[in-house]
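Colleague: Before I ask anything, here is the structure I am working with.
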Amino acid sequence: MFGFLKEKLKSAVSIFSKKVEEEVEERPSKKSKTPEKKEKQKEKKEAKKTKKEKEQIQKETIEAEKPIKEHKEKAHAKEIKEESKKIKEQELKEELKKEPKEEKKGFFQKIFGKKEKVEEEIGKTEEELKEETKEEYEEKKGFFKKVGEIFTTKTLSDEKFNEIFFDLEVSLMENNVAVSVIEKIKDDLKKELVNKKLNRYKITETIEDSLKKSLQEIINQNEIDIINSLKQKKPYVICFFGINGSGKTTSIAKFAYYLQKNKMSVVMAAADTFRAAAIDQIEKHGNNLGIKVIKQQYGADAAAVAFDAIAYAKAHNIDVVLIDTAGRSHSNVNLMDELKKIIKVSNPDLKIFVGDSLTGNDMVEQAEKYNKTIGVDAIILSKADVDEKGGAIISASYVLKKPILFMGVGQNYEDFKEFSKKEVLKNLGFQ
Ligand SMILES: Nc1nc2c(ncn2[C@@H]2O[C@H](COP(=O)(O)OP(=O)(O)OP(=O)(O)O)[C@@H](O)[C@H]2O)c(=O)[nH]1
Ligand SMILES: [Mg+2]
């Protein structure tokens with residue numbers, strides 16, 4: 001899950017950061033050297049060469065004078081030793097004579113020296129600084145320049161940002177991230193980067209922080225505490241729908257297993273009377289899990305099956321009714337009308353859209369259309385275990401403004417994960 005998107009995002013963000021850095025940094029290119037600069041460099045080289053020659057001559061002279069020098073040095077060694085001893089004694093005497101106040105000042109100066117120096121220097125004008133020796137002046141100027149250079153002087157224009165963002169945009173699109181999600185990421189990044197003086201040492205960090213914040217907001221859609229909601233009404237009716245093969249029947253079986261684990265009783269309605277093998281399929285799950293399945297014959301009225309299941313739940317004090325429906329594309333008017341009828345008759349407490357995460361943007365588009373026609377309360381995304389891209393998982397709830405309840409992560413009953421924002425961010429490398 002997310003492996004592909006994570007890698008793509010990582011490299012796209014790194015390229016994006018580099019391009020932003022290049023854009024806001026003003027580095028003189030090597031090619032742009034003027035003829036005067038070239039001439040100066042040549043002169044410097046020559047000077048270096050003559051300096052080397054001079055040093056060679058000096059070295060040879062020193063070698064020749066070495067024996068004489070050694071003799072002289074030995075003779076004076078004793079003399080120098082005695083002299084330095086005298087100087088040290090004198091220094092010690094003077095040090096002892098000094099006022100204790102002065103000693104204290106020296107001590108604090110050592111600790112706060114730097115701060116005092118900065119404060120002292122800040123008070124000086126450029127002219128005052130220039131009055132000092134050239135070397136000192138250059139050194140100090142360098143220090144203040146460094147402080148000023150933390151923030152870039154050049155800023156990123158809106159036009160340049162759009163140009164640089166293009167690669168990141170393509171990466172997100174290739175990984176099934178919906179257009180509206182990309183737009184949000186882009187707008188958020190723009191706010192952080194465009195026409196702003198940036199801390200040149202924190203450009204990558206700024207970009208990563210902005211992306212993390214955007215993703216947090218994108219996946220943060222009104223959560224539902226499902227177990228708590230289920231306890232509010234009896235029987236609690238849930239209807240599942242989506243396009244063909246999206247994983248509805250398998251998800252219903254996994255949901256039933258999850259409810260059993262939470263000590264809730266369940267009945268399932270085989271309201272897919274459209275596909276021949278659908279009734280057998282859900283019955284098989286019912287047998288495996290020890291759950292009653294309400295069914296009629298193939299081609300029967302699906303709404304009537306749902307109605308029967310609710311009646312059975314009421315009569316047997318069952319907590320939850322799960323209604324399986326036939327797969328249908330939003331564009332199939334007859335089947336959509338049939339679904340509307342099921343919804344009208346069963347009046348579900350929760351309408352769940354089951355989407356196949358592998359189908360990416362198509363799934364998100366279908367979900368949007370379902371939402372407009374019959375309303376979606378929550379989402380289950382199946383096949384997340386085989387979805388390497390992950391863009392649809394990020395996009396679905398943002399586009400619909402509805403929470404993702406569970407993710408199908410395999411073919412077994414226990415391969416059903418409660419949606420965790422934290423885990424999604426972690427899998428994308430943002431936590
Ligand atoms: N790897 C994986 N496979 C899944 C998952 N969920 C469902 N499948 C498989 O997807 C296929 C279709 O699943 P179904 O549950 O029959 O889908 P459906 O939406 O009920 O299909 P129709 O009723 O024909 O519309 C089956 O082979 C399932 O085993 C999942 O989370 N992971
Ligand atoms: Mg099915």
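Naming works like this for the structure tokens: A, B, ... for the chains as they're shown, residue 1 at the start of each chain, ligands 1 onward in shown order.
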Using only C-alpha atoms and all ligand atoms, find each residue with an atom at most 7 Å away from ligand 2 and format the answer as a ChimeraX atom specification.
Modeller: /A:245,247-249,272,278,324-327
Colleague: Could the residues that lie within 8 Å of ligand 1, counting only C-alpha atoms and all ligand atoms, be listed as a PyMOL selection string?
Modeller: chain A and resi 241-252+272+275+278+281+324-328+354+356+381-386+407-411+415-416
Colleague: Next, write the just-selected residues to a file, as a PDB file, in the first residue's frame, keeping C-alpha atoms as the atom set.
Modeller:
```pdb
ATOM      1  CA  PHE A 241     -23.409  -0.417  -3.100  1.00  0.00           C
ATOM      2  CA  GLY A 242     -20.852   0.301  -5.830  1.00  0.00           C
ATOM      3  CA  ILE A 243     -19.815  -0.717  -9.303  1.00  0.00           C
ATOM      4  CA  ASN A 244     -19.390  -4.325 -10.507  1.00  0.00           C
ATOM      5  CA  GLY A 245     -16.734  -6.364  -8.755  1.00  0.00           C
ATOM      6  CA  SER A 246     -15.689  -3.534  -6.414  1.00  0.00           C
ATOM      7  CA  GLY A 247     -15.669  -5.879  -3.420  1.00  0.00           C
ATOM      8  CA  LYS A 248     -19.135  -5.340  -1.913  1.00  0.00           C
ATOM      9  CA  THR A 249     -19.995  -8.964  -1.031  1.00  0.00           C
ATOM     10  CA  THR A 250     -16.513  -9.695   0.342  1.00  0.00           C
ATOM     11  CA  SER A 251     -16.569  -6.460   2.392  1.00  0.00           C
ATOM     12  CA  ILE A 252     -20.017  -7.336   3.799  1.00  0.00           C
ATOM     13  CA  ASP A 272     -28.291  -8.868  -5.442  1.00  0.00           C
ATOM     14  CA  ARG A 275     -26.290 -11.753 -10.928  1.00  0.00           C
ATOM     15  CA  ALA A 278     -24.476 -13.683  -6.153  1.00  0.00           C
ATOM     16  CA  GLN A 281     -21.735 -16.373  -2.874  1.00  0.00           C
ATOM     17  CA  ASP A 324     -25.783  -6.668  -0.330  1.00  0.00           C
ATOM     18  CA  THR A 325     -26.749  -5.142  -3.688  1.00  0.00           C
ATOM     19  CA  ALA A 326     -25.858  -5.831  -7.315  1.00  0.00           C
ATOM     20  CA  GLY A 327     -22.899  -4.049  -8.853  1.00  0.00           C
ATOM     21  CA  ARG A 328     -23.935  -1.197 -11.132  1.00  0.00           C
ATOM     22  CA  VAL A 354     -17.613   0.268  -1.641  1.00  0.00           C
ATOM     23  CA  ASP A 356     -12.012  -0.690  -5.539  1.00  0.00           C
ATOM     24  CA  LEU A 381     -12.057   0.873   0.052  1.00  0.00           C
ATOM     25  CA  SER A 382     -11.270  -2.664  -1.021  1.00  0.00           C
ATOM     26  CA  LYS A 383      -8.049  -4.147  -2.416  1.00  0.00           C
ATOM     27  CA  ALA A 384      -5.802  -1.644  -0.655  1.00  0.00           C
ATOM     28  CA  ASP A 385      -3.352  -4.543  -0.214  1.00  0.00           C
ATOM     29  CA  VAL A 386      -2.727  -4.652  -3.961  1.00  0.00           C
ATOM     30  CA  MET A 407      -9.941  -0.747   4.029  1.00  0.00           C
ATOM     31  CA  GLY A 408      -9.952  -4.249   2.589  1.00  0.00           C
ATOM     32  CA  VAL A 409      -6.429  -5.590   2.759  1.00  0.00           C
ATOM     33  CA  GLY A 410      -6.795  -9.184   1.542  1.00  0.00           C
ATOM     34  CA  GLN A 411      -9.268 -11.961   0.837  1.00  0.00           C
ATOM     35  CA  ASP A 415      -8.227  -8.605   6.273  1.00  0.00           C
ATOM     36  CA  PHE A 416     -10.314  -5.586   7.157  1.00  0.00           C
TER      37      PHE A 416
END
```
Colleague: Within 12 Å of range 258-264 of chain A, which residues of range 370-420 of chain A come that close, and what is the closest atom pair and distance in Å for each? Count only C-alpha atoms and give it as a Markdown table.
Modeller:
```
| residue | atom | partner | partner_atom | distance |
| --- | --- | --- | --- | --- |
| A:Phe406 | CA | A:Tyr258 | CA | 10.6 |
| A:Asn412 | CA | A:Tyr258 | CA | 11.8 |
| A:Tyr413 | CA | A:Tyr258 | CA | 8.1 |
| A:Glu414 | CA | A:Tyr258 | CA | 7.6 |
| A:Asp415 | CA | A:Tyr258 | CA | 10.0 |
| A:Phe416 | CA | A:Tyr258 | CA | 8.0 |
| A:Lys417 | CA | A:Tyr258 | CA | 9.7 |
| A:Glu418 | CA | A:Tyr258 | CA | 10.0 |
```
Colleague: Take the selection from the previous step and output its residues with N, CA and C atoms, as a short mmCIF file (atom, residue, chain, number, x, y, z; two decimals), in the first residue's frame.
Modeller:
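Written file, result_37.cif:
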```
data_model
loop_
_atom_site.label_atom_id
_atom_site.label_comp_id
_atom_site.auth_asym_id
_atom_site.auth_seq_id
_atom_site.Cartn_x
_atom_site.Cartn_y
_atom_site.Cartn_z
N PHE A 406 -13.40 1.57 6.53
CA PHE A 406 -12.48 0.43 6.53
C PHE A 406 -11.75 0.32 5.20
N ASN A 412 -9.21 -12.64 3.17
CA ASN A 412 -9.73 -13.32 4.36
C ASN A 412 -10.61 -12.39 5.18
N TYR A 413 -11.43 -12.99 6.06
CA TYR A 413 -12.36 -12.19 6.86
C TYR A 413 -11.66 -11.16 7.74
N GLU A 414 -10.50 -11.54 8.22
CA GLU A 414 -9.81 -10.59 9.13
C GLU A 414 -9.01 -9.51 8.39
N ASP A 415 -8.98 -9.60 7.05
CA ASP A 415 -8.23 -8.60 6.27
C ASP A 415 -9.06 -7.34 6.06
N PHE A 416 -9.42 -6.73 7.16
CA PHE A 416 -10.31 -5.59 7.16
C PHE A 416 -9.78 -4.61 8.21
N LYS A 417 -9.28 -3.48 7.73
CA LYS A 417 -8.62 -2.56 8.67
C LYS A 417 -9.43 -1.30 8.86
N GLU A 418 -9.57 -0.91 10.13
CA GLU A 418 -10.20 0.38 10.37
C GLU A 418 -9.28 1.44 9.79
#
```
Colleague: With only C-alpha atoms as the basis for distance, which of A:Asp209, A:Lys344, A:Gln232, A:Asn220 is at the shortest distance from Lys421 in chain A?
Modeller: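 Using only C-alpha atoms, the shortest distance to Lys421 in chain A belongs to A:Asn220.
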Colleague: Can you tell me, as an MDAnalysis selection string, which residues in range 268-358 of chain A count as alpha helix (DSSP H) by DSSP?
Modeller: chainID A and resid 278:289 302:315 333:346
Colleague: If I take CA of Gln216 in chain A and CA of Lys422 in chain A, how far is one from the other in Å, to one decimal?
Modeller: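 For CA of Gln216 in chain A relative to CA of Lys422 in chain A, the distance reads 8.7 Å.
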Colleague: Enter the distance from CA of Ile379 in chain A to CA of Asp308 in chain A, in Å, rounded to one decimal.
Modeller: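 For CA of Ile379 in chain A relative to CA of Asp308 in chain A, the distance reads 25.3 Å.
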